[in-house]
>>> print(open('my_file-v2.cif').read())   # mmCIF, C-alpha atoms
data_coords
#
loop_
_atom_site.label_atom_id
_atom_site.label_comp_id
_atom_site.auth_asym_id
_atom_site.auth_seq_id
_atom_site.Cartn_x
_atom_site.Cartn_y
_atom_site.Cartn_z
CA MET A 469 0.00 0.00 0.00
CA ARG A 470 1.18 3.55 -0.70
CA ILE A 471 1.00 5.74 2.39
CA GLY A 472 1.51 9.48 2.46
CA VAL A 473 2.32 10.94 5.86
CA LEU A 474 1.52 14.54 6.71
CA GLY A 475 3.82 15.35 9.61
CA ALA A 476 7.28 14.32 10.76
CA GLY A 477 6.87 14.17 14.54
CA ASN A 478 6.82 11.24 16.94
CA MET A 479 3.48 9.74 15.87
CA ALA A 480 4.42 10.00 12.20
CA ASP A 481 7.75 8.36 12.99
CA ALA A 482 6.27 5.50 15.02
CA LEU A 483 3.47 4.54 12.63
CA ALA A 484 5.38 5.11 9.39
CA THR A 485 8.27 2.99 10.66
CA GLN A 486 5.94 0.10 11.46
CA TRP A 487 4.29 0.23 8.05
CA ALA A 488 7.54 0.59 6.14
CA ASN A 489 8.87 -2.45 8.00
CA LYS A 490 5.82 -4.37 6.75
CA GLY A 491 6.65 -3.53 3.14
CA HIS A 492 4.38 -0.55 2.53
CA GLU A 493 5.68 2.36 0.46
CA VAL A 494 5.79 5.54 2.53
CA MET A 495 6.37 9.20 1.68
CA ILE A 496 6.88 11.72 4.50
CA GLY A 497 5.68 15.27 3.94
CA ALA A 498 6.08 18.11 6.42
CA ARG A 499 6.11 21.89 6.63
CA ASN A 500 9.83 21.53 7.34
CA PRO A 501 11.31 19.66 4.34
CA GLU A 502 14.58 18.96 6.13
CA LYS A 503 12.75 17.29 8.99
CA ALA A 504 10.77 15.18 6.53
CA ALA A 505 13.95 14.13 4.72
CA THR A 506 15.70 13.26 7.98
CA LEU A 507 12.80 11.06 9.09
CA ALA A 508 12.56 9.31 5.72
CA LYS A 509 16.28 8.56 5.79
CA ARG A 510 16.04 7.21 9.34
CA ILE A 511 13.14 4.91 8.47
CA GLY A 512 14.89 3.71 5.32
CA ARG A 513 13.55 0.89 3.15
CA THR A 514 11.26 2.37 0.47
CA THR A 515 10.52 5.56 2.43
CA THR A 516 10.92 8.87 0.61
CA SER A 517 10.16 12.48 1.45
CA GLY A 518 8.59 15.43 -0.29
CA ALA A 519 6.37 18.46 0.13
CA LEU A 520 3.00 18.12 1.81
CA LYS A 521 1.24 18.18 -1.57
CA GLU A 522 3.53 15.45 -2.86
CA ALA A 523 2.88 13.22 0.14
CA ALA A 524 -0.87 13.79 -0.20
CA ALA A 525 -0.76 12.88 -3.89
CA PHE A 526 1.46 9.85 -3.25
CA GLY A 527 -0.69 7.97 -0.79
CA ASP A 528 -3.75 5.82 -1.38
CA VAL A 529 -3.91 6.23 2.39
CA VAL A 530 -2.78 9.47 4.04
CA LEU A 531 -1.86 9.68 7.72
CA LEU A 532 -2.50 13.04 9.35
CA ALA A 533 -0.12 13.17 12.32
CA VAL A 534 0.29 16.75 13.53
CA TRP A 535 -0.64 18.83 16.56
CA TYR A 536 -4.28 19.92 16.55
CA GLU A 537 -3.23 23.55 16.08
CA GLY A 538 -1.52 22.64 12.81
CA VAL A 539 -4.34 20.62 11.21
CA GLN A 540 -5.87 23.41 9.16
CA ASP A 541 -2.57 24.80 7.89
CA VAL A 542 -1.16 21.38 6.98
CA LEU A 543 -4.30 20.35 5.10
CA HIS A 544 -4.33 23.66 3.25
CA GLN A 545 -0.69 23.24 2.25
CA ALA A 546 -1.47 19.69 1.14
CA GLY A 547 -4.18 21.07 -1.16
CA ALA A 548 -7.03 19.36 0.64
CA PRO A 549 -9.59 22.20 0.28
CA ASP A 550 -8.99 22.12 -3.49
CA GLY A 551 -9.77 18.41 -3.71
CA ALA A 552 -6.20 17.06 -3.59
CA LEU A 553 -7.29 14.35 -1.14
CA ALA A 554 -10.58 13.45 -2.82
CA ASP A 555 -11.18 9.68 -2.90
CA ARG A 556 -8.23 9.07 -0.58
CA VAL A 557 -8.37 7.58 2.90
CA ILE A 558 -7.24 9.98 5.61
CA ILE A 559 -6.26 8.41 8.93
CA ASP A 560 -6.74 11.04 11.62
CA CYS A 561 -4.81 10.24 14.80
CA VAL A 562 -4.94 13.80 16.17
CA ASN A 563 -5.97 14.50 19.75
CA ALA A 564 -7.13 17.93 20.87
CA THR A 565 -6.62 17.69 24.61
CA ALA A 566 -5.62 20.48 26.96
CA PRO A 567 -3.66 19.55 30.11
CA PRO A 568 -3.56 19.62 33.05
CA HIS A 569 -7.25 18.62 33.21
CA PHE A 570 -7.32 17.09 29.72
CA THR A 571 -10.40 18.85 28.43
CA LEU A 572 -11.20 18.90 24.73
CA LYS A 573 -9.99 21.93 22.79
CA THR A 574 -12.83 21.29 20.34
CA GLY A 575 -15.32 22.08 23.11
CA LYS A 576 -18.90 21.50 21.96
CA GLY A 577 -17.96 21.94 18.32
CA PRO A 578 -17.21 19.35 15.64
CA SER A 579 -14.69 16.64 16.40
CA VAL A 580 -11.20 16.85 14.90
CA ALA A 581 -12.17 14.09 12.47
CA GLU A 582 -15.27 15.99 11.34
CA GLN A 583 -13.18 19.14 10.89
CA VAL A 584 -10.73 17.16 8.75
CA ALA A 585 -13.59 15.82 6.64
CA ALA A 586 -14.89 19.37 6.11
CA LEU A 587 -11.41 20.60 5.12
CA ALA A 588 -10.82 17.71 2.70
CA PRO A 589 -13.90 17.37 0.49
CA GLY A 590 -14.30 13.95 -1.07
CA ALA A 591 -11.83 12.24 1.28
CA HIS A 592 -12.76 9.24 3.42
CA VAL A 593 -11.71 10.07 6.98
CA VAL A 594 -11.12 7.33 9.54
CA LYS A 595 -10.37 8.18 13.16
CA ALA A 596 -7.78 5.75 14.53
CA PHE A 597 -4.56 5.38 16.53
CA ASN A 598 -5.43 8.26 18.89
CA LEU A 599 -5.71 6.36 22.17
CA CYS A 600 -2.05 5.50 22.74
CA HIS A 601 1.22 7.34 23.17
CA GLU A 602 3.69 7.06 20.30
CA SER A 603 5.88 4.74 22.40
CA VAL A 604 3.15 2.08 22.23
CA TRP A 605 3.10 2.19 18.44
CA ARG A 606 6.85 1.58 18.38
CA LEU A 607 6.42 -1.85 19.99
CA THR A 608 7.07 -4.72 17.61
CA THR A 609 3.79 -6.30 18.69
CA PRO A 610 1.59 -4.18 20.98
CA GLU A 611 0.30 -6.99 23.19
CA PHE A 612 -0.66 -6.78 26.85
CA ASP A 613 -1.68 -9.58 29.22
CA GLY A 614 -1.57 -12.01 26.31
CA ARG A 615 -3.99 -10.04 24.12
CA PRO A 616 -3.28 -7.84 21.09
CA LEU A 617 -3.98 -4.16 21.54
CA GLY A 618 -7.41 -3.11 20.27
CA VAL A 619 -7.51 -0.10 17.94
CA PRO A 620 -10.95 1.56 17.63
CA LEU A 621 -11.88 2.90 14.19
CA CYS A 622 -14.61 5.41 13.33
CA GLY A 623 -15.47 6.03 9.71
CA ASN A 624 -18.25 5.87 7.15
CA ALA A 625 -16.75 4.20 4.05
CA PRO A 626 -16.40 0.39 4.21
CA GLU A 627 -13.50 0.32 1.72
CA ALA A 628 -11.64 2.97 3.70
CA LEU A 629 -12.19 1.10 6.95
CA ALA A 630 -10.92 -2.11 5.32
CA LYS A 631 -7.64 -0.41 4.33
CA VAL A 632 -7.12 0.93 7.84
CA GLU A 633 -7.99 -2.47 9.30
CA ARG A 634 -5.17 -3.96 7.24
CA LEU A 635 -2.71 -1.41 8.60
CA VAL A 636 -3.89 -2.19 12.14
CA THR A 637 -3.49 -5.95 11.72
CA ASP A 638 -0.10 -5.47 10.04
CA MET A 639 1.06 -4.02 13.37
CA GLY A 640 -0.21 -7.05 15.28
CA CYS A 641 -3.20 -5.15 16.69
CA GLU A 642 -6.93 -5.86 16.58
CA PRO A 643 -9.27 -3.44 14.77
CA LEU A 644 -12.40 -2.56 16.71
CA HIS A 645 -15.38 -1.01 14.96
CA GLY A 646 -16.53 2.13 16.76
CA GLY A 647 -19.23 3.26 14.32
CA GLY A 648 -19.47 6.09 11.82
CA LEU A 649 -17.48 9.30 11.73
CA GLU A 650 -20.13 11.00 13.88
CA ARG A 651 -18.86 8.82 16.74
CA ALA A 652 -15.29 10.09 16.37
CA ALA A 653 -16.14 12.78 18.92
CA LEU A 654 -16.75 10.01 21.46
CA LEU A 655 -13.42 8.40 20.60
CA GLU A 656 -11.63 11.73 21.02
CA ALA A 657 -13.40 12.27 24.33
CA THR A 658 -12.35 8.76 25.38
CA ALA A 659 -8.71 9.75 24.83
CA ALA A 660 -9.17 12.87 26.93
CA PHE A 661 -10.94 10.95 29.68
CA ALA A 662 -8.30 8.20 29.75
CA LEU A 663 -5.50 10.76 29.96
CA GLY A 664 -7.31 12.36 32.88
CA VAL A 665 -7.49 8.99 34.65
CA TYR A 666 -3.85 8.29 33.91
CA PHE A 667 -2.41 11.66 34.81
CA GLY A 668 -5.02 14.23 35.80
CA GLY A 669 -6.13 13.07 39.22
CA PRO A 670 -4.57 12.99 42.66
CA ARG A 671 -3.37 9.44 42.00
CA VAL A 672 -2.41 7.46 38.92
CA GLY A 673 -5.12 5.09 37.70
CA ASP A 674 -5.45 2.41 35.04
CA PRO A 675 -8.38 3.04 32.65
CA ARG A 676 -8.51 -0.67 31.79
CA ALA A 677 -9.81 -1.33 35.29
CA MET A 678 -13.07 0.42 34.36
CA PHE A 679 -14.22 -2.33 31.99
CA PRO A 680 -15.17 -5.92 32.88
CA PRO A 681 -14.47 -8.80 30.46
CA LEU A 682 -16.89 -9.14 27.54
CA HIS A 683 -18.54 -12.31 28.89
CA VAL A 684 -19.45 -10.44 32.08
CA ALA A 685 -20.48 -7.20 30.36
CA THR A 686 -23.01 -9.06 28.22
#
>>> encode(input="my_file-v2.cif", output="structure tokens")
Amino acid sequence: MRIGVLGAGNMADALATQWANKGHEVMIGARNPEKAATLAKRIGRTTTSGALKEAAAFGDVVLLAVWYEGVQDVLHQAGAPDGALADRVIIDCVNATAPPHFTLKTGKGPSVAEQVAALAPGAHVVKAFNLCHESVWRLTTPEFDGRPLGVPLCGNAPEALAKVERLVTDMGCEPLHGGGLERAALLEATAAFALGVYFGGPRVGDPRAMFPPLHVAT
């Protein structure tokens, strides 16, 4: 699969490295061309670098991996409002959380994923990979207590979801269907809530402790 990456930070590095190691062709695009070139060289294999528009045009799937504050500018530079990402799959892994209380910067407005969809007409946006720190995505096989890590996906297009499912399973993880893109706001809120449990309270907690096993929950 050809994957264009918009961004050259830690999340871009972690996910692009995993996919390149699985034989996917990757192009890194960033507002800083030197940073994009450095990351592509570090990843190696078939990874190349280019401008944001080049990375957007390169990928059948495009990973958006930037800070929330940079989403609009990066998509504009990639040509998204002009249809450059039409018919492409955009994986949105962006979180818009504000420490120390980990509230949502989006407030009561549209989710990040819905904003991305509005900025990239014709694209198929899938919310994914936003619940874990980049260090988790660097693990050869993200597996805990004998079970593969579950990766929730929210999106509307079955073909787009199938492509992202493949990238999830290539990493040794389990795709979990979270519903349509309108439910991405819930997934983004889940990230904010989990971060608050992990780090925002008077004591460190484990969000996994909130959920019983499936056979008990049903």
>>> atom_distance(input="my_file-v2.cif", atom1="CA of His645 (chain A)", atom2="CA of Ala628 (chain A)")
12.5 Å
>>> resolve_selection(input="my_file-v2.cif", expression="the PyMOL selection byres ((chain A and resi 566) around 12)", output="PyMOL selection string")
chain A and resi 535-537+563-565+567-575+657+659-661+663-664+668
>>> resolve_selection(input="my_file-v2.cif", expression="the PyMOL selection byres ((chain A and resi 528) around 6)", output="list in words")
Arg470, Gly527, Val529 and Arg556 of chain A
>>> closest_residue(input="my_file-v2.cif", among="A:Val672, A:Met495, A:Ile559, A:Leu644", to="His592 (chain A)", atoms="all atoms listed in the file")
A:Ile559
>>> resolve_selection(input="my_file-v2.cif", expression="the PyMOL selection byres ((chain A and resi 532) around 7)", output="PyMOL selection string")
chain A and resi 473-475+530-531+533-534+558-561
>>> closest_residue(input="my_file-v2.cif", among="A:Phe667, A:Glu656, A:Asn624, A:Met639", to="Pro578 (chain A)", atoms="all atoms listed in the file")
A:Glu656
>>> residues_around(input="my_file-v2.cif", residues="Ala653 (chain A)", least_positions_apart="2", cutoff="9 Å", atoms="all atoms listed in the file", output="PyMOL selection string")
chain A and resi 578-582+649-651+655-658
>>> residues_around(input="my_file-v2.cif", residues="Ala505 (chain A)", least_positions_apart="2", cutoff="8 Å", atoms="all atoms listed in the file", output="ChimeraX atom specification")
/A:496,501-503,507-509,516-518
>>> write_last_selection(input="my_file-v2.cif", atoms="C-alpha atoms", output="mmCIF file, keeping the file's coordinate frame")
data_model
loop_
_atom_site.group_PDB
_atom_site.id
_atom_site.type_symbol
_atom_site.label_atom_id
_atom_site.label_comp_id
_atom_site.auth_asym_id
_atom_site.auth_seq_id
_atom_site.Cartn_x
_atom_site.Cartn_y
_atom_site.Cartn_z
ATOM 1 C CA ILE A 496 6.880 11.720 4.500
ATOM 2 C CA PRO A 501 11.310 19.660 4.340
ATOM 3 C CA GLU A 502 14.580 18.960 6.130
ATOM 4 C CA LYS A 503 12.750 17.290 8.990
ATOM 5 C CA LEU A 507 12.800 11.060 9.090
ATOM 6 C CA ALA A 508 12.560 9.310 5.720
ATOM 7 C CA LYS A 509 16.280 8.560 5.790
ATOM 8 C CA THR A 516 10.920 8.870 0.610
ATOM 9 C CA SER A 517 10.160 12.480 1.450
ATOM 10 C CA GLY A 518 8.590 15.430 -0.290
#
>>> closest_residue(input="my_file-v2.cif", among="A:Pro643, A:Asn500, A:Val542, A:Gln486", to="Thr515 (chain A)", atoms="only C-alpha atoms")
A:Gln486
>>> closest_residue(input="my_file-v2.cif", among="A:Phe526, A:Phe679, A:Trp605, A:Tyr666", to="Asn478 (chain A)", atoms="all atoms listed in the file")
A:Trp605
>>> closest_residue(input="my_file-v2.cif", among="A:Asp481, A:Cys641, A:Asn598, A:Leu654", to="Gly618 (chain A)", atoms="only C-alpha atoms")
A:Cys641
>>> atom_distance(input="my_file-v2.cif", atom1="CA of Ala554 (chain A)", atom2="CA of Glu602 (chain A)")
27.9 Å
>>> atom_distance(input="my_file-v2.cif", atom1="CA of Val632 (chain A)", atom2="CA of Val557 (chain A)")
8.4 Å
>>> residues_around(input="my_file-v2.cif", residues="Pro616 (chain A)", least_positions_apart="4", cutoff="7 Å", atoms="all atoms listed in the file", output="count of residues only")
6
>>> closest_residue(input="my_file-v2.cif", among="A:Gly472, A:Lys576, A:Leu621, A:Glu493", to="Leu553 (chain A)", atoms="all atoms listed in the file")
A:Gly472
>>> build_atoms(input="my_file-v2.cif", residues="region 575-600 of chain A", atoms="N, CA, C and O atoms", output="PDB file, in the frame of the given file")
ATOM      1  N   GLY A 575     -14.152  21.647  22.356  1.00  0.00           N
ATOM      2  CA  GLY A 575     -15.320  22.080  23.110  1.00  0.00           C
ATOM      3  C   GLY A 575     -16.576  21.345  22.657  1.00  0.00           C
ATOM      4  O   GLY A 575     -16.582  20.123  22.499  1.00  0.00           O
ATOM      5  N   LYS A 576     -17.639  22.100  22.414  1.00  0.00           N
ATOM      6  CA  LYS A 576     -18.900  21.500  21.960  1.00  0.00           C
ATOM      7  C   LYS A 576     -19.022  21.525  20.445  1.00  0.00           C
ATOM      8  O   LYS A 576     -20.080  21.214  19.895  1.00  0.00           O
ATOM      9  N   GLY A 577     -17.935  21.878  19.781  1.00  0.00           N
ATOM     10  CA  GLY A 577     -17.960  21.940  18.320  1.00  0.00           C
ATOM     11  C   GLY A 577     -17.689  20.607  17.676  1.00  0.00           C
ATOM     12  O   GLY A 577     -17.647  19.565  18.351  1.00  0.00           O
ATOM     13  N   PRO A 578     -17.487  20.593  16.354  1.00  0.00           N
ATOM     14  CA  PRO A 578     -17.210  19.350  15.640  1.00  0.00           C
ATOM     15  C   PRO A 578     -15.932  18.685  16.146  1.00  0.00           C
ATOM     16  O   PRO A 578     -15.004  19.363  16.607  1.00  0.00           O
ATOM     17  N   SER A 579     -15.896  17.375  16.046  1.00  0.00           N
ATOM     18  CA  SER A 579     -14.690  16.640  16.400  1.00  0.00           C
ATOM     19  C   SER A 579     -13.559  16.995  15.443  1.00  0.00           C
ATOM     20  O   SER A 579     -13.791  17.580  14.370  1.00  0.00           O
ATOM     21  N   VAL A 580     -12.336  16.640  15.809  1.00  0.00           N
ATOM     22  CA  VAL A 580     -11.200  16.850  14.900  1.00  0.00           C
ATOM     23  C   VAL A 580     -11.461  16.132  13.583  1.00  0.00           C
ATOM     24  O   VAL A 580     -11.261  16.675  12.497  1.00  0.00           O
ATOM     25  N   ALA A 581     -11.930  14.888  13.677  1.00  0.00           N
ATOM     26  CA  ALA A 581     -12.170  14.090  12.470  1.00  0.00           C
ATOM     27  C   ALA A 581     -13.199  14.749  11.562  1.00  0.00           C
ATOM     28  O   ALA A 581     -13.054  14.760  10.327  1.00  0.00           O
ATOM     29  N   GLU A 582     -14.251  15.313  12.138  1.00  0.00           N
ATOM     30  CA  GLU A 582     -15.270  15.990  11.340  1.00  0.00           C
ATOM     31  C   GLU A 582     -14.706  17.277  10.724  1.00  0.00           C
ATOM     32  O   GLU A 582     -15.060  17.640   9.599  1.00  0.00           O
ATOM     33  N   GLN A 583     -13.830  17.956  11.453  1.00  0.00           N
ATOM     34  CA  GLN A 583     -13.180  19.140  10.890  1.00  0.00           C
ATOM     35  C   GLN A 583     -12.297  18.750   9.705  1.00  0.00           C
ATOM     36  O   GLN A 583     -12.258  19.450   8.684  1.00  0.00           O
ATOM     37  N   VAL A 584     -11.581  17.635   9.844  1.00  0.00           N
ATOM     38  CA  VAL A 584     -10.730  17.160   8.750  1.00  0.00           C
ATOM     39  C   VAL A 584     -11.585  16.839   7.535  1.00  0.00           C
ATOM     40  O   VAL A 584     -11.237  17.204   6.398  1.00  0.00           O
ATOM     41  N   ALA A 585     -12.701  16.168   7.750  1.00  0.00           N
ATOM     42  CA  ALA A 585     -13.590  15.820   6.640  1.00  0.00           C
ATOM     43  C   ALA A 585     -14.104  17.079   5.937  1.00  0.00           C
ATOM     44  O   ALA A 585     -14.216  17.111   4.701  1.00  0.00           O
ATOM     45  N   ALA A 586     -14.403  18.123   6.703  1.00  0.00           N
ATOM     46  CA  ALA A 586     -14.890  19.370   6.110  1.00  0.00           C
ATOM     47  C   ALA A 586     -13.784  20.080   5.324  1.00  0.00           C
ATOM     48  O   ALA A 586     -14.061  20.740   4.313  1.00  0.00           O
ATOM     49  N   LEU A 587     -12.533  19.943   5.787  1.00  0.00           N
ATOM     50  CA  LEU A 587     -11.410  20.600   5.120  1.00  0.00           C
ATOM     51  C   LEU A 587     -10.912  19.826   3.907  1.00  0.00           C
ATOM     52  O   LEU A 587     -10.150  20.371   3.099  1.00  0.00           O
ATOM     53  N   ALA A 588     -11.309  18.565   3.791  1.00  0.00           N
ATOM     54  CA  ALA A 588     -10.820  17.710   2.700  1.00  0.00           C
ATOM     55  C   ALA A 588     -12.014  17.097   1.968  1.00  0.00           C
ATOM     56  O   ALA A 588     -12.321  15.914   2.151  1.00  0.00           O
ATOM     57  N   PRO A 589     -12.710  17.877   1.163  1.00  0.00           N
ATOM     58  CA  PRO A 589     -13.900  17.370   0.490  1.00  0.00           C
ATOM     59  C   PRO A 589     -13.592  16.153  -0.380  1.00  0.00           C
ATOM     60  O   PRO A 589     -12.593  16.123  -1.094  1.00  0.00           O
ATOM     61  N   GLY A 590     -14.452  15.147  -0.270  1.00  0.00           N
ATOM     62  CA  GLY A 590     -14.300  13.950  -1.070  1.00  0.00           C
ATOM     63  C   GLY A 590     -13.408  12.890  -0.460  1.00  0.00           C
ATOM     64  O   GLY A 590     -13.345  11.757  -0.943  1.00  0.00           O
ATOM     65  N   ALA A 591     -12.697  13.223   0.620  1.00  0.00           N
ATOM     66  CA  ALA A 591     -11.830  12.240   1.280  1.00  0.00           C
ATOM     67  C   ALA A 591     -12.655  11.351   2.214  1.00  0.00           C
ATOM     68  O   ALA A 591     -13.751  11.719   2.645  1.00  0.00           O
ATOM     69  N   HIS A 592     -12.115  10.176   2.504  1.00  0.00           N
ATOM     70  CA  HIS A 592     -12.760   9.240   3.420  1.00  0.00           C
ATOM     71  C   HIS A 592     -11.953   9.222   4.727  1.00  0.00           C
ATOM     72  O   HIS A 592     -10.883   8.615   4.794  1.00  0.00           O
ATOM     73  N   VAL A 593     -12.450   9.904   5.724  1.00  0.00           N
ATOM     74  CA  VAL A 593     -11.710  10.070   6.980  1.00  0.00           C
ATOM     75  C   VAL A 593     -12.021   8.920   7.924  1.00  0.00           C
ATOM     76  O   VAL A 593     -13.188   8.545   8.113  1.00  0.00           O
ATOM     77  N   VAL A 594     -10.976   8.370   8.519  1.00  0.00           N
ATOM     78  CA  VAL A 594     -11.120   7.330   9.540  1.00  0.00           C
ATOM     79  C   VAL A 594     -10.345   7.782  10.775  1.00  0.00           C
ATOM     80  O   VAL A 594      -9.147   8.072  10.693  1.00  0.00           O
ATOM     81  N   LYS A 595     -11.028   7.868  11.890  1.00  0.00           N
ATOM     82  CA  LYS A 595     -10.370   8.180  13.160  1.00  0.00           C
ATOM     83  C   LYS A 595      -9.758   6.909  13.717  1.00  0.00           C
ATOM     84  O   LYS A 595     -10.438   5.880  13.861  1.00  0.00           O
ATOM     85  N   ALA A 596      -8.462   6.940  14.024  1.00  0.00           N
ATOM     86  CA  ALA A 596      -7.780   5.750  14.530  1.00  0.00           C
ATOM     87  C   ALA A 596      -6.445   6.134  15.150  1.00  0.00           C
ATOM     88  O   ALA A 596      -5.922   7.219  14.899  1.00  0.00           O
ATOM     89  N   PHE A 597      -5.898   5.247  15.962  1.00  0.00           N
ATOM     90  CA  PHE A 597      -4.560   5.380  16.530  1.00  0.00           C
ATOM     91  C   PHE A 597      -4.421   6.581  17.479  1.00  0.00           C
ATOM     92  O   PHE A 597      -3.307   7.043  17.720  1.00  0.00           O
ATOM     93  N   ASN A 598      -5.521   7.067  18.042  1.00  0.00           N
ATOM     94  CA  ASN A 598      -5.430   8.260  18.890  1.00  0.00           C
ATOM     95  C   ASN A 598      -5.447   7.948  20.388  1.00  0.00           C
ATOM     96  O   ASN A 598      -5.314   8.864  21.191  1.00  0.00           O
ATOM     97  N   LEU A 599      -5.579   6.674  20.751  1.00  0.00           N
ATOM     98  CA  LEU A 599      -5.710   6.360  22.170  1.00  0.00           C
ATOM     99  C   LEU A 599      -4.392   6.048  22.869  1.00  0.00           C
ATOM    100  O   LEU A 599      -4.367   5.920  24.089  1.00  0.00           O
ATOM    101  N   CYS A 600      -3.314   5.925  22.119  1.00  0.00           N
ATOM    102  CA  CYS A 600      -2.050   5.500  22.740  1.00  0.00           C
ATOM    103  C   CYS A 600      -0.919   6.480  22.422  1.00  0.00           C
ATOM    104  O   CYS A 600      -0.883   7.103  21.356  1.00  0.00           O
TER     105      CYS A 600
END
